[in-house]
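Data block for entry_36.cif (mmCIF, C-alpha atoms):
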data_run
loop_
_atom_site.label_atom_id
_atom_site.label_comp_id
_atom_site.auth_asym_id
_atom_site.auth_seq_id
_atom_site.Cartn_x
_atom_site.Cartn_y
_atom_site.Cartn_z
CA MET A 221 -149.73 -17.20 59.14
CA SER A 222 -151.35 -17.43 55.72
CA ILE A 223 -150.09 -17.18 52.19
CA MET A 224 -152.14 -14.57 50.35
CA GLU A 225 -152.86 -14.35 46.62
CA ILE A 226 -150.65 -11.82 44.85
CA ILE A 227 -152.66 -9.97 42.21
CA LYS A 228 -151.18 -9.37 38.78
CA VAL A 229 -151.53 -6.78 36.04
CA PRO A 230 -153.99 -5.65 34.72
CA ASN A 231 -155.86 -5.86 38.06
CA PRO A 232 -157.09 -2.27 38.69
CA PHE A 233 -156.42 -2.60 42.43
CA LEU A 234 -152.70 -2.18 41.61
CA LYS A 235 -153.42 1.42 40.54
CA ILE A 236 -155.11 2.60 43.76
CA THR A 237 -153.55 4.87 46.37
CA ALA A 238 -153.57 3.00 49.68
CA LYS A 239 -155.08 4.52 52.82
CA LEU A 240 -153.15 5.39 55.98
CA VAL A 241 -153.27 2.92 58.85
CA VAL A 242 -154.90 4.75 61.77
CA ASP A 243 -154.71 1.97 64.37
CA VAL A 244 -151.82 -0.47 64.62
CA ASN A 245 -153.84 -3.36 66.01
CA LYS A 246 -153.67 -7.16 66.01
CA ASN A 247 -155.29 -7.33 62.56
CA ILE A 248 -152.60 -5.07 61.04
CA LEU A 249 -149.83 -7.12 62.67
CA THR A 250 -151.37 -10.32 61.31
CA ILE A 251 -151.54 -8.80 57.82
CA LEU A 252 -147.83 -7.88 58.06
CA ASP A 253 -146.93 -11.44 59.10
CA ASP A 254 -149.03 -12.86 56.25
CA MET A 255 -147.40 -10.45 53.80
CA LEU A 256 -143.92 -11.55 54.86
CA GLU A 257 -144.88 -15.22 54.56
CA THR A 258 -146.41 -14.55 51.12
CA MET A 259 -143.32 -12.63 49.97
CA TYR A 260 -140.95 -15.43 51.05
CA HIS A 261 -143.20 -18.05 49.45
CA ALA A 262 -143.06 -16.12 46.15
CA ASN A 263 -139.25 -15.69 46.39
CA GLY A 264 -139.60 -11.90 46.49
CA ILE A 265 -137.67 -9.25 48.38
CA GLY A 266 -140.59 -6.86 48.92
CA LEU A 267 -144.37 -6.78 48.98
CA ALA A 268 -146.93 -4.02 49.38
CA ALA A 269 -150.41 -4.57 50.83
CA THR A 270 -152.00 -3.39 47.59
CA GLN A 271 -150.43 -6.40 45.85
CA ILE A 272 -152.62 -8.67 47.99
CA SER A 273 -155.73 -6.49 47.55
CA ILE A 274 -155.46 -4.74 50.90
CA ASP A 275 -156.02 -0.98 50.86
CA LYS A 276 -153.53 -0.08 53.63
CA ARG A 277 -150.14 1.63 53.64
CA LEU A 278 -148.16 -1.47 54.62
CA ILE A 279 -144.98 -2.89 53.10
CA VAL A 280 -142.61 -5.70 53.99
CA MET A 281 -139.17 -6.47 52.61
CA ASP A 282 -136.08 -8.54 53.23
CA CYS A 283 -132.88 -7.58 51.45
CA GLY A 284 -130.77 -9.57 53.93
CA LYS A 285 -128.14 -8.37 56.35
CA ASN A 286 -125.66 -5.96 54.81
CA ASN A 287 -122.97 -8.56 54.17
CA PHE A 288 -122.57 -7.60 50.51
CA GLU A 289 -122.06 -4.38 48.60
CA PRO A 290 -125.63 -3.65 47.38
CA LYS A 291 -124.60 -2.02 44.11
CA ASP A 292 -122.55 -5.10 43.20
CA ILE A 293 -125.46 -7.53 43.34
CA SER A 294 -128.48 -7.84 41.08
CA GLU A 295 -131.93 -8.90 42.26
CA GLU A 296 -131.41 -12.25 40.50
CA GLU A 297 -128.07 -12.83 42.29
CA TYR A 298 -129.70 -11.79 45.56
CA ASN A 299 -132.51 -14.32 45.08
CA GLU A 300 -129.94 -17.05 44.39
CA LYS A 301 -128.09 -16.14 47.61
CA ILE A 302 -131.35 -16.28 49.57
CA LYS A 303 -132.20 -19.69 48.07
CA SER A 304 -128.73 -20.99 48.93
CA LYS A 305 -128.99 -19.45 52.43
CA LYS A 306 -125.85 -17.34 51.92
CA LEU A 307 -127.61 -14.21 53.17
CA GLU A 308 -128.93 -13.91 56.68
CA PRO A 309 -132.62 -12.87 56.59
CA PHE A 310 -133.41 -9.39 57.83
CA PRO A 311 -137.15 -8.75 57.50
CA ILE A 312 -138.48 -5.20 57.75
CA LYS A 313 -142.16 -4.34 58.29
CA MET A 314 -143.26 -0.77 57.60
CA ILE A 315 -146.56 0.85 58.50
CA ASN A 316 -147.32 4.21 56.81
CA PRO A 317 -143.84 4.54 55.25
CA GLU A 318 -142.93 7.99 53.99
CA ILE A 319 -139.75 9.01 52.20
CA ILE A 320 -138.28 12.05 53.94
CA SER A 321 -135.41 12.70 51.55
CA PHE A 322 -133.47 11.25 48.63
CA GLY A 323 -129.73 11.16 48.05
CA LYS A 324 -128.31 13.08 45.10
CA ASN A 325 -126.92 10.09 43.18
CA ILE A 326 -129.08 8.24 40.68
CA GLU A 327 -128.50 4.55 40.03
CA GLU A 328 -129.89 2.20 37.42
CA ARG A 329 -130.87 -1.23 38.73
CA GLU A 330 -132.81 -4.13 37.24
CA GLU A 331 -136.22 -4.48 38.87
CA GLY A 332 -138.91 -7.09 38.73
CA CYS A 333 -142.26 -7.39 40.47
CA LEU A 334 -144.34 -10.14 42.03
CA SER A 335 -147.37 -8.58 40.30
CA ILE A 336 -145.63 -8.83 36.91
CA PRO A 337 -143.69 -12.08 37.37
CA GLY A 338 -141.19 -13.05 34.72
CA TYR A 339 -140.59 -9.51 33.46
CA ASN A 340 -137.73 -7.18 34.44
CA ALA A 341 -136.46 -3.79 33.33
CA ASN A 342 -133.75 -1.34 34.30
CA VAL A 343 -135.09 1.55 36.37
CA LYS A 344 -133.26 4.72 37.41
CA ARG A 345 -133.87 5.80 41.00
CA PRO A 346 -132.02 7.69 43.75
CA SER A 347 -129.42 5.33 45.21
CA SER A 348 -130.08 6.40 48.81
CA LEU A 349 -132.91 7.75 50.91
CA LYS A 350 -134.25 8.41 54.37
CA VAL A 351 -137.64 6.91 55.24
CA SER A 352 -139.85 7.20 58.30
CA TYR A 353 -142.43 4.62 59.33
CA ILE A 354 -144.08 2.88 62.25
CA ASP A 355 -142.72 -0.57 63.02
CA GLU A 356 -144.56 -3.64 64.28
CA ASN A 357 -143.87 -2.52 67.87
CA LYS A 358 -145.76 0.74 67.23
CA LYS A 359 -142.52 2.74 67.38
CA SER A 360 -141.66 5.59 65.00
CA VAL A 361 -138.51 4.72 63.06
CA THR A 362 -136.29 6.68 60.69
CA LEU A 363 -134.09 4.56 58.46
CA GLU A 364 -131.33 5.58 56.07
CA ALA A 365 -130.98 3.13 53.21
CA ASN A 366 -128.89 2.76 50.09
CA GLY A 367 -128.37 0.34 47.23
CA LEU A 368 -130.78 -2.56 46.91
CA LEU A 369 -132.69 -1.67 50.10
CA ALA A 370 -133.27 1.92 48.92
CA THR A 371 -134.52 0.61 45.57
CA CYS A 372 -136.81 -1.89 47.28
CA ILE A 373 -138.30 0.77 49.57
CA GLN A 374 -139.00 3.09 46.62
CA HIS A 375 -140.50 0.23 44.59
CA GLU A 376 -142.85 -0.83 47.42
CA ILE A 377 -143.90 2.72 48.34
CA ASP A 378 -144.65 3.26 44.64
CA HIS A 379 -147.09 0.34 44.90
CA LEU A 380 -148.89 2.13 47.74
CA ASN A 381 -149.31 5.09 45.39
CA GLY A 382 -150.59 3.03 42.46
CA ILE A 383 -147.29 3.13 40.58
CA LEU A 384 -145.60 0.06 39.06
CA PHE A 385 -141.91 -0.20 38.16
CA ILE A 386 -142.90 -0.26 34.49
CA ASP A 387 -144.30 3.26 34.94
CA HIS A 388 -140.65 4.39 35.22
CA ILE A 389 -139.52 2.99 31.86
CA SER A 390 -140.18 4.09 28.28
CA LYS A 391 -143.75 3.93 27.03
CA LEU A 392 -142.77 1.42 24.34
CA LYS A 393 -141.02 -0.97 26.76
CA LYS A 394 -143.93 -0.65 29.18
CA GLU A 395 -146.49 -1.47 26.48
CA ILE A 396 -144.48 -4.51 25.32
CA ILE A 397 -144.18 -5.89 28.87
CA LEU A 398 -147.84 -5.23 29.65
CA LYS A 399 -149.09 -6.79 26.43
CA LYS A 400 -147.01 -9.96 26.90
CA ALA A 401 -147.72 -10.24 30.63
CA ILE A 402 -151.47 -9.75 30.32
CA LYS A 403 -151.66 -12.28 27.50
CA GLU A 404 -149.68 -14.80 29.57
CA TYR A 405 -151.61 -14.25 32.83
CA THR A 406 -155.06 -14.36 31.22
CA LYS A 407 -154.44 -17.68 29.43
CA ASN A 408 -153.87 -19.42 32.80
#
Kindly return the structure encoded in the file as structure tokens.
Amino acid sequence: MSIMEIIKVPNPFLKITAKLVVDVNKNILTILDDMLETMYHANGIGLAATQISIDKRLIVMDCGKNNFEPKDISEEEYNEKIKSKKLEPFPIKMINPEIISFGKNIEEREEGCLSIPGYNANVKRPSSLKVSYIDENKKSVTLEANGLLATCIQHEIDHLNGILFIDHISKLKKEIILKKAIKEYTKN
């Protein structure tokens, strides 16, 4: 497995719409493994292929086993639990994920992004959803998710559609984050 470079704003690749995977082959499975390794290395909970400059509808995530109430834990607290090994890993690899339906309740949760490291904002999203995808065993799967996992799925699928979490916040907040982030990333 390899650790891939995660691209950052303002890289235009982050705004593309990823292409469907037509053949789940060894190369795709290797990319998924590399994505998971890259995500763990960056202390993230999700990663889309577009974040590593791959134009495929692939996402990986690990929100841990459901041994906590998702709405009672922030992403920062989750990352601390992962670092301290208090959550059992539960990696999910999705090929061509598609949201089938959303729950009726909307929840605000703090989000961050490996492509905009160091910046977070509260984002309102449906608190539950149903998603279909192909797994690494080439099987069609339908998953019902809520809380942190539902947020993570929406966030990563947004990436596949060229949407960043900052596209869901006010124009002013978005411009402030972008301006600061781009200045910081381009000086390095």
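Reported to one decimal place, the separation of atom CA of A:Met255 from atom CA of A:Ile223 is 7.4 Å.
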Closest to A:Thr270 among A:Gly382, A:Lys394, A:Asn366, A:Asp355, using all atoms listed in the file?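 Using all atoms listed in the file, A:Thr270 sits closest to A:Gly382.
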I'd like the contact shell of A:Val361 - 6 Å cut-off, only C-alpha atoms, skipping same-chain residues fewer than 3 positions apart - returned as a count of residues only. 3
Which residues, written as a ChimeraX atom specification, have at least one atom at most 9 Å from A:Ser348, with all atoms listed in the file counted and residues fewer than 3 positions away on the same chain left out? /A:321-326,345,364-367,369-371
Residues within 7 Å of A:Lys313, all atoms listed in the file, excluding chain neighbours under 2 positions, as a ChimeraX atom specification: /A:252,279-281,311,315,355-356
With the file shown as input, list the residues that the PyMOL selection byres ((chain A and resi 254) around 12) selects, as a list in words.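 For this structure, the PyMOL selection byres ((chain A and resi 254) around 12) captures Met221, Ser222, Ile223, Met224, Glu225, Ile226, Asn247, Ile248, Leu249, Thr250, Ile251, Leu252, Asp253, Met255, Leu256, Glu257, Thr258, Met259, Tyr260, His261, Leu267, Ala268, Ala269, Ile272, Ile274, Leu278, Ile279, Val280 and Lys313 of chain A.
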